[in-house]
Amino acid sequence: MNVFEADIVATGSELTYGQLVDTNSSWVADQLTQWGGIVRRITIVGDKVDDIASALVTGLREKRKLIVVTGGLGPTEDDLTVEAIANALGRKIILDEKAIAMVKAKCDEYRIELTDRRKRMARTVEGASLLRNPVGFSPGTSVQIGETVIVSLPGIPEEMKAMFEAEVLPIVRQWAKGRMNALNVKVFCGNERFTIFRQVQDEFPEVYLKFHAQAPSHDPRAHTDGVEVVLLASGPNEQACKTELEKVVKRLLILLQERGGKLEIKNSGSTGPTSPTRA
């Protein structure tokens, strides 16, 4: 399956200081994966223009199809994503009249004044397109450099998700040549699971199989608790992915039953079957 490559850059010193957990990147990565994208790098960067710009330059140099930047679009002096994009591209920062109108409309909606500080959210990079924010105040930007598209989204998860779905996902769908589906299972088979995993991976080389590592335990019964396993299948469409996952699960079940083990289907990725069952 043809895929496109992407980087994600999450900005904010509150992330690098450990005060907040970056949930945005995992959500964006899941969305891109479902639509046939491969996220090559997720970078968390503090509020420093040169560091953010460096992450963008790296993605451009490695010819990513998409670079998603989250955070740094607000009205305060430490919101520096626009500066970083301008720095990376060698372009000017402009105050966009259309963006001012977007911010003003939100201010009117909430009956607050459009101050100079709030106008800061209307800054963008010369040559960029605006991305509508359905939830919050700050518009995003989209700018294409060669084959790479850089999009900037707010850091507030509700705003980021709404903007991604409304403005970025339609772009991604144009690139998508297939789909990916994830399925989470739990395997009960003691230490023989390693042999089973290798056999399944050999028989289904196109399916990504990853088991969750467990900490060592002195409890001899620990291996009976089961191991979480992620199965990720790609295909031309959602149904093809589901069919491939069903084949893998059936094969896993046979191999486990031969060794007195069992398989529990816990839940699925966003596009897969959703009914938990026990086999």
# chains A, B, ... in the order shown; residues from 1 in each chain; ligands from 1
call {"tool": "select_by_dssp", "arguments": {"residues": "region 104-233 of chain A", "states": "alpha helix (DSSP H)", "output": "PDB file with N, CA and C atoms, in the first residue's frame"}}
result
ATOM      1  N   LYS A 104     -12.323  38.468  15.626  1.00  0.00           N
ATOM      2  CA  LYS A 104     -13.339  39.426  16.056  1.00  0.00           C
ATOM      3  C   LYS A 104     -14.710  38.767  16.166  1.00  0.00           C
ATOM      4  N   ALA A 105     -15.027  37.886  15.221  1.00  0.00           N
ATOM      5  CA  ALA A 105     -16.318  37.196  15.264  1.00  0.00           C
ATOM      6  C   ALA A 105     -16.447  36.378  16.548  1.00  0.00           C
ATOM      7  N   LYS A 106     -15.349  35.744  16.976  1.00  0.00           N
ATOM      8  CA  LYS A 106     -15.375  34.987  18.225  1.00  0.00           C
ATOM      9  C   LYS A 106     -15.501  35.926  19.430  1.00  0.00           C
ATOM     10  N   CYS A 107     -14.800  37.059  19.362  1.00  0.00           N
ATOM     11  CA  CYS A 107     -14.910  38.023  20.454  1.00  0.00           C
ATOM     12  C   CYS A 107     -16.346  38.533  20.576  1.00  0.00           C
ATOM     13  N   ASP A 108     -16.974  38.823  19.430  1.00  0.00           N
ATOM     14  CA  ASP A 108     -18.360  39.283  19.443  1.00  0.00           C
ATOM     15  C   ASP A 108     -19.283  38.204  20.013  1.00  0.00           C
ATOM     16  N   GLU A 109     -18.987  36.954  19.647  1.00  0.00           N
ATOM     17  CA  GLU A 109     -19.817  35.839  20.131  1.00  0.00           C
ATOM     18  C   GLU A 109     -19.773  35.755  21.657  1.00  0.00           C
ATOM     19  N   ASP A 116      -5.549  44.464  21.397  1.00  0.00           N
ATOM     20  CA  ASP A 116      -4.324  44.247  20.625  1.00  0.00           C
ATOM     21  C   ASP A 116      -3.716  42.880  20.939  1.00  0.00           C
ATOM     22  N   ARG A 117      -3.832  42.477  22.185  1.00  0.00           N
ATOM     23  CA  ARG A 117      -3.302  41.164  22.550  1.00  0.00           C
ATOM     24  C   ARG A 117      -4.053  40.061  21.810  1.00  0.00           C
ATOM     25  N   ARG A 118      -5.365  40.183  21.739  1.00  0.00           N
ATOM     26  CA  ARG A 118      -6.134  39.149  21.032  1.00  0.00           C
ATOM     27  C   ARG A 118      -5.878  39.193  19.526  1.00  0.00           C
ATOM     28  N   LYS A 119      -5.571  40.377  19.003  1.00  0.00           N
ATOM     29  CA  LYS A 119      -5.231  40.476  17.580  1.00  0.00           C
ATOM     30  C   LYS A 119      -3.969  39.678  17.252  1.00  0.00           C
ATOM     31  N   PRO A 157      -6.905  20.545  23.364  1.00  0.00           N
ATOM     32  CA  PRO A 157      -7.336  19.340  22.633  1.00  0.00           C
ATOM     33  C   PRO A 157      -8.665  19.483  21.908  1.00  0.00           C
ATOM     34  N   GLU A 158      -9.655  20.107  22.545  1.00  0.00           N
ATOM     35  CA  GLU A 158     -10.969  20.227  21.902  1.00  0.00           C
ATOM     36  C   GLU A 158     -10.876  21.060  20.626  1.00  0.00           C
ATOM     37  N   GLU A 159     -10.100  22.127  20.672  1.00  0.00           N
ATOM     38  CA  GLU A 159      -9.924  22.963  19.488  1.00  0.00           C
ATOM     39  C   GLU A 159      -9.103  22.233  18.425  1.00  0.00           C
ATOM     40  N   MET A 160      -8.028  21.594  18.863  1.00  0.00           N
ATOM     41  CA  MET A 160      -7.152  20.893  17.927  1.00  0.00           C
ATOM     42  C   MET A 160      -7.901  19.808  17.163  1.00  0.00           C
ATOM     43  N   LYS A 161      -8.678  19.002  17.873  1.00  0.00           N
ATOM     44  CA  LYS A 161      -9.394  17.903  17.226  1.00  0.00           C
ATOM     45  C   LYS A 161     -10.437  18.427  16.246  1.00  0.00           C
ATOM     46  N   ALA A 162     -11.183  19.442  16.656  1.00  0.00           N
ATOM     47  CA  ALA A 162     -12.210  19.999  15.777  1.00  0.00           C
ATOM     48  C   ALA A 162     -11.591  20.576  14.511  1.00  0.00           C
ATOM     49  N   MET A 163     -10.481  21.286  14.653  1.00  0.00           N
ATOM     50  CA  MET A 163      -9.828  21.881  13.492  1.00  0.00           C
ATOM     51  C   MET A 163      -9.215  20.800  12.598  1.00  0.00           C
ATOM     52  N   LEU A 169      -8.144  16.823   7.890  1.00  0.00           N
ATOM     53  CA  LEU A 169      -8.536  15.494   7.418  1.00  0.00           C
ATOM     54  C   LEU A 169      -8.945  15.482   5.943  1.00  0.00           C
ATOM     55  N   PRO A 170      -9.657  16.500   5.438  1.00  0.00           N
ATOM     56  CA  PRO A 170      -9.964  16.493   3.998  1.00  0.00           C
ATOM     57  C   PRO A 170      -8.706  16.481   3.120  1.00  0.00           C
ATOM     58  N   ILE A 171      -7.633  17.128   3.570  1.00  0.00           N
ATOM     59  CA  ILE A 171      -6.369  17.095   2.831  1.00  0.00           C
ATOM     60  C   ILE A 171      -5.776  15.694   2.872  1.00  0.00           C
ATOM     61  N   VAL A 172      -5.773  15.103   4.057  1.00  0.00           N
ATOM     62  CA  VAL A 172      -5.189  13.773   4.242  1.00  0.00           C
ATOM     63  C   VAL A 172      -5.926  12.740   3.399  1.00  0.00           C
ATOM     64  N   ARG A 173      -7.238  12.847   3.335  1.00  0.00           N
ATOM     65  CA  ARG A 173      -8.020  11.878   2.562  1.00  0.00           C
ATOM     66  C   ARG A 173      -7.655  11.895   1.082  1.00  0.00           C
ATOM     67  N   GLN A 174      -7.218  13.045   0.590  1.00  0.00           N
ATOM     68  CA  GLN A 174      -6.810  13.123  -0.815  1.00  0.00           C
ATOM     69  C   GLN A 174      -5.537  12.320  -1.068  1.00  0.00           C
ATOM     70  N   TRP A 175      -4.691  12.205  -0.043  1.00  0.00           N
ATOM     71  CA  TRP A 175      -3.440  11.457  -0.195  1.00  0.00           C
ATOM     72  C   TRP A 175      -3.622   9.971   0.058  1.00  0.00           C
ATOM     73  N   ARG A 193       4.368 -17.708  24.284  1.00  0.00           N
ATOM     74  CA  ARG A 193       3.818 -16.655  23.437  1.00  0.00           C
ATOM     75  C   ARG A 193       4.857 -16.109  22.461  1.00  0.00           C
ATOM     76  N   PHE A 194       6.138 -16.103  22.851  1.00  0.00           N
ATOM     77  CA  PHE A 194       7.167 -15.571  21.960  1.00  0.00           C
ATOM     78  C   PHE A 194       7.277 -16.408  20.683  1.00  0.00           C
ATOM     79  N   THR A 195       7.203 -17.720  20.842  1.00  0.00           N
ATOM     80  CA  THR A 195       7.236 -18.610  19.675  1.00  0.00           C
ATOM     81  C   THR A 195       6.026 -18.381  18.784  1.00  0.00           C
ATOM     82  N   ILE A 196       4.869 -18.202  19.414  1.00  0.00           N
ATOM     83  CA  ILE A 196       3.633 -17.968  18.659  1.00  0.00           C
ATOM     84  C   ILE A 196       3.703 -16.631  17.916  1.00  0.00           C
ATOM     85  N   PHE A 197       4.182 -15.607  18.594  1.00  0.00           N
ATOM     86  CA  PHE A 197       4.266 -14.290  17.951  1.00  0.00           C
ATOM     87  C   PHE A 197       5.170 -14.328  16.731  1.00  0.00           C
ATOM     88  N   ARG A 198       6.311 -15.010  16.867  1.00  0.00           N
ATOM     89  CA  ARG A 198       7.232 -15.092  15.730  1.00  0.00           C
ATOM     90  C   ARG A 198       6.594 -15.823  14.556  1.00  0.00           C
ATOM     91  N   GLN A 199       5.862 -16.886  14.847  1.00  0.00           N
ATOM     92  CA  GLN A 199       5.229 -17.656  13.777  1.00  0.00           C
ATOM     93  C   GLN A 199       4.149 -16.832  13.064  1.00  0.00           C
ATOM     94  N   VAL A 200       3.349 -16.123  13.855  1.00  0.00           N
ATOM     95  CA  VAL A 200       2.300 -15.297  13.259  1.00  0.00           C
ATOM     96  C   VAL A 200       2.905 -14.175  12.424  1.00  0.00           C
ATOM     97  N   GLN A 201       3.971 -13.559  12.947  1.00  0.00           N
ATOM     98  CA  GLN A 201       4.607 -12.473  12.201  1.00  0.00           C
ATOM     99  C   GLN A 201       5.209 -12.981  10.885  1.00  0.00           C
ATOM    100  N   ASP A 202       5.747 -14.200  10.905  1.00  0.00           N
ATOM    101  CA  ASP A 202       6.288 -14.796   9.674  1.00  0.00           C
ATOM    102  C   ASP A 202       5.188 -15.091   8.660  1.00  0.00           C
ATOM    103  N   GLU A 203       4.031 -15.523   9.159  1.00  0.00           N
ATOM    104  CA  GLU A 203       2.932 -15.887   8.264  1.00  0.00           C
ATOM    105  C   GLU A 203       2.175 -14.663   7.745  1.00  0.00           C
TER     106      GLU A 203
END
call {"tool": "residues_around", "arguments": {"residues": "Ser138 (chain A)", "least_positions_apart": "6", "cutoff": "12 Å", "atoms": "only C-alpha atoms", "output": "number ranges by chain"}}
result
A: 70-76, 79, 81-82, 99-107, 117-124, 130-132, 152-156, 159-160, 163
call {"tool": "residues_around", "arguments": {"residues": "Val149 (chain A)", "least_positions_apart": "3", "cutoff": "10 Å", "atoms": "only C-alpha atoms", "output": "compact mmCIF listing (two decimals) with N, CA and C atoms, in the first residue's frame"}}
result
# COMPACT_ATOMS: atom_id res chain seq x y z
N ALA A 6 4.71 11.47 7.81
CA ALA A 6 4.36 12.68 8.56
C ALA A 6 5.23 12.81 9.80
N LEU A 60 11.24 19.07 6.87
CA LEU A 60 11.35 19.53 5.48
C LEU A 60 12.52 18.86 4.77
N LYS A 63 11.73 15.48 3.74
CA LYS A 63 10.66 15.45 2.74
C LYS A 63 9.38 14.77 3.24
N ARG A 64 8.97 15.11 4.46
CA ARG A 64 7.69 14.61 4.95
C ARG A 64 6.56 15.20 4.10
N LYS A 65 5.53 14.43 3.92
CA LYS A 65 4.35 14.94 3.20
C LYS A 65 3.59 15.92 4.08
N LEU A 66 3.57 15.66 5.38
CA LEU A 66 2.80 16.50 6.31
C LEU A 66 3.58 16.69 7.60
N ILE A 67 3.58 17.92 8.09
CA ILE A 67 4.11 18.22 9.43
C ILE A 67 2.98 18.90 10.20
N VAL A 68 2.56 18.30 11.28
CA VAL A 68 1.48 18.85 12.11
C VAL A 68 2.11 19.46 13.36
N SER A 142 -1.92 26.85 7.17
CA SER A 142 -1.44 25.76 6.31
C SER A 142 -0.54 26.38 5.26
N VAL A 143 0.67 25.86 5.13
CA VAL A 143 1.59 26.40 4.15
C VAL A 143 2.31 25.24 3.47
N GLN A 144 2.41 25.30 2.16
CA GLN A 144 3.05 24.23 1.40
C GLN A 144 4.41 24.69 0.90
N ILE A 145 5.41 23.83 1.11
CA ILE A 145 6.77 24.08 0.65
C ILE A 145 7.19 22.85 -0.14
N GLY A 146 7.22 22.96 -1.46
CA GLY A 146 7.49 21.79 -2.28
C GLY A 146 6.40 20.77 -2.11
N ILE A 171 -7.63 17.13 3.57
CA ILE A 171 -6.37 17.10 2.83
C ILE A 171 -5.78 15.69 2.87
call {"tool": "residues_around", "arguments": {"residues": "Val28 (chain A)", "least_positions_apart": "2", "cutoff": "9 Å", "atoms": "only C-alpha atoms", "output": "ChimeraX atom specification"}}
result
/A:8,23-26,30-33,68,161,164
call {"tool": "write_last_selection", "arguments": {"atoms": "N, CA and C atoms", "output": "compact mmCIF listing (two decimals), in the first residue's frame"}}
result
# COMPACT_ATOMS: atom_id res chain seq x y z
N ILE A 8 5.05 15.00 13.68
CA ILE A 8 4.21 15.76 14.59
C ILE A 8 5.13 16.52 15.53
N THR A 23 -1.25 14.55 25.01
CA THR A 23 -2.22 13.61 24.44
C THR A 23 -2.53 13.94 22.98
N ASN A 24 -2.25 15.18 22.58
CA ASN A 24 -2.57 15.59 21.20
C ASN A 24 -1.83 14.74 20.17
N SER A 25 -0.55 14.49 20.42
CA SER A 25 0.26 13.79 19.43
C SER A 25 -0.24 12.37 19.19
N SER A 26 -0.61 11.67 20.26
CA SER A 26 -1.09 10.30 20.08
C SER A 26 -2.41 10.29 19.31
N ASP A 30 -2.84 8.60 15.62
CA ASP A 30 -3.88 7.59 15.35
C ASP A 30 -4.70 7.95 14.13
N GLN A 31 -5.07 9.21 14.01
CA GLN A 31 -5.85 9.66 12.85
C GLN A 31 -5.06 9.46 11.55
N LEU A 32 -3.81 9.84 11.55
CA LEU A 32 -2.99 9.72 10.34
C LEU A 32 -2.76 8.25 9.99
N THR A 33 -2.56 7.42 11.00
CA THR A 33 -2.34 6.00 10.76
C THR A 33 -3.56 5.36 10.11
N VAL A 68 2.56 18.30 11.28
CA VAL A 68 1.48 18.85 12.11
C VAL A 68 2.11 19.46 13.36
N LYS A 161 -8.68 19.00 17.87
CA LYS A 161 -9.39 17.90 17.23
C LYS A 161 -10.44 18.43 16.25
N PHE A 164 -8.61 19.78 13.20
CA PHE A 164 -8.03 18.70 12.41
C PHE A 164 -9.09 18.02 11.56
call {"tool": "residues_around", "arguments": {"residues": "Ala233 (chain A)", "least_positions_apart": "2", "cutoff": "12 Å", "atoms": "only C-alpha atoms", "output": "ChimeraX atom specification"}}
result
/A:1,33-36,178-184,201,204-210,230-231,235-249,268-269,271-272
call {"tool": "write_last_selection", "arguments": {"atoms": "C-alpha atoms", "output": "short mmCIF file (atom, residue, chain, number, x, y, z; two decimals), in the first residue's frame"}}
result
data_model
loop_
_atom_site.label_atom_id
_atom_site.label_comp_id
_atom_site.auth_asym_id
_atom_site.auth_seq_id
_atom_site.Cartn_x
_atom_site.Cartn_y
_atom_site.Cartn_z
CA MET A 1 0.00 0.00 0.00
CA THR A 33 -2.34 6.00 10.76
CA GLN A 34 -5.96 5.15 10.03
CA TRP A 35 -5.67 6.98 6.70
CA GLY A 36 -2.52 5.21 5.59
CA GLY A 178 -5.61 2.79 1.72
CA ARG A 179 -6.59 2.36 5.34
CA MET A 180 -5.17 0.87 8.52
CA ASN A 181 -7.08 -0.78 11.34
CA ALA A 182 -5.90 -1.68 14.83
CA LEU A 183 -7.10 -4.48 17.09
CA ASN A 184 -6.08 -4.98 20.72
CA GLN A 201 4.61 -12.47 12.20
CA PHE A 204 1.49 -12.35 8.13
CA PRO A 205 4.48 -10.08 7.37
CA GLU A 206 2.24 -7.15 6.39
CA VAL A 207 0.55 -7.06 9.81
CA TYR A 208 2.28 -5.08 12.54
CA LEU A 209 2.33 -7.05 15.78
CA LYS A 210 3.53 -5.51 19.03
CA VAL A 230 -1.63 -4.72 19.26
CA LEU A 231 -2.39 -5.90 15.74
CA GLY A 235 -5.33 -2.58 3.10
CA PRO A 236 -7.09 -0.76 0.27
CA ASN A 237 -10.17 -0.18 2.44
CA GLU A 238 -11.57 -0.72 5.90
CA GLN A 239 -13.18 -4.05 5.09
CA ALA A 240 -9.93 -5.45 3.72
CA CYS A 241 -8.21 -4.49 6.99
CA LYS A 242 -10.91 -6.18 9.05
CA THR A 243 -10.67 -9.31 6.94
CA GLU A 244 -6.91 -9.48 7.41
CA LEU A 245 -7.25 -8.99 11.17
CA GLU A 246 -9.83 -11.76 11.33
CA LYS A 247 -7.36 -14.12 9.62
CA VAL A 248 -4.65 -13.22 12.12
CA VAL A 249 -6.97 -13.70 15.09
CA SER A 268 -10.25 -2.12 18.57
CA GLY A 269 -8.80 0.96 16.95
CA THR A 271 -12.17 2.14 12.66
CA GLY A 272 -12.32 -1.51 13.65
#
call {"tool": "select_by_dssp", "arguments": {"residues": "region 23-200 of chain A", "states": "strand (DSSP E)", "output": "PyMOL selection string"}}
result
chain A and resi 37-45+66-70+93-95+123-125+129-131+140-145+148-153+179-188
call {"tool": "atom_distance", "arguments": {"atom1": "CA of Glu97 (chain A)", "atom2": "CA of Ala53 (chain A)"}}
result
25.1 Å
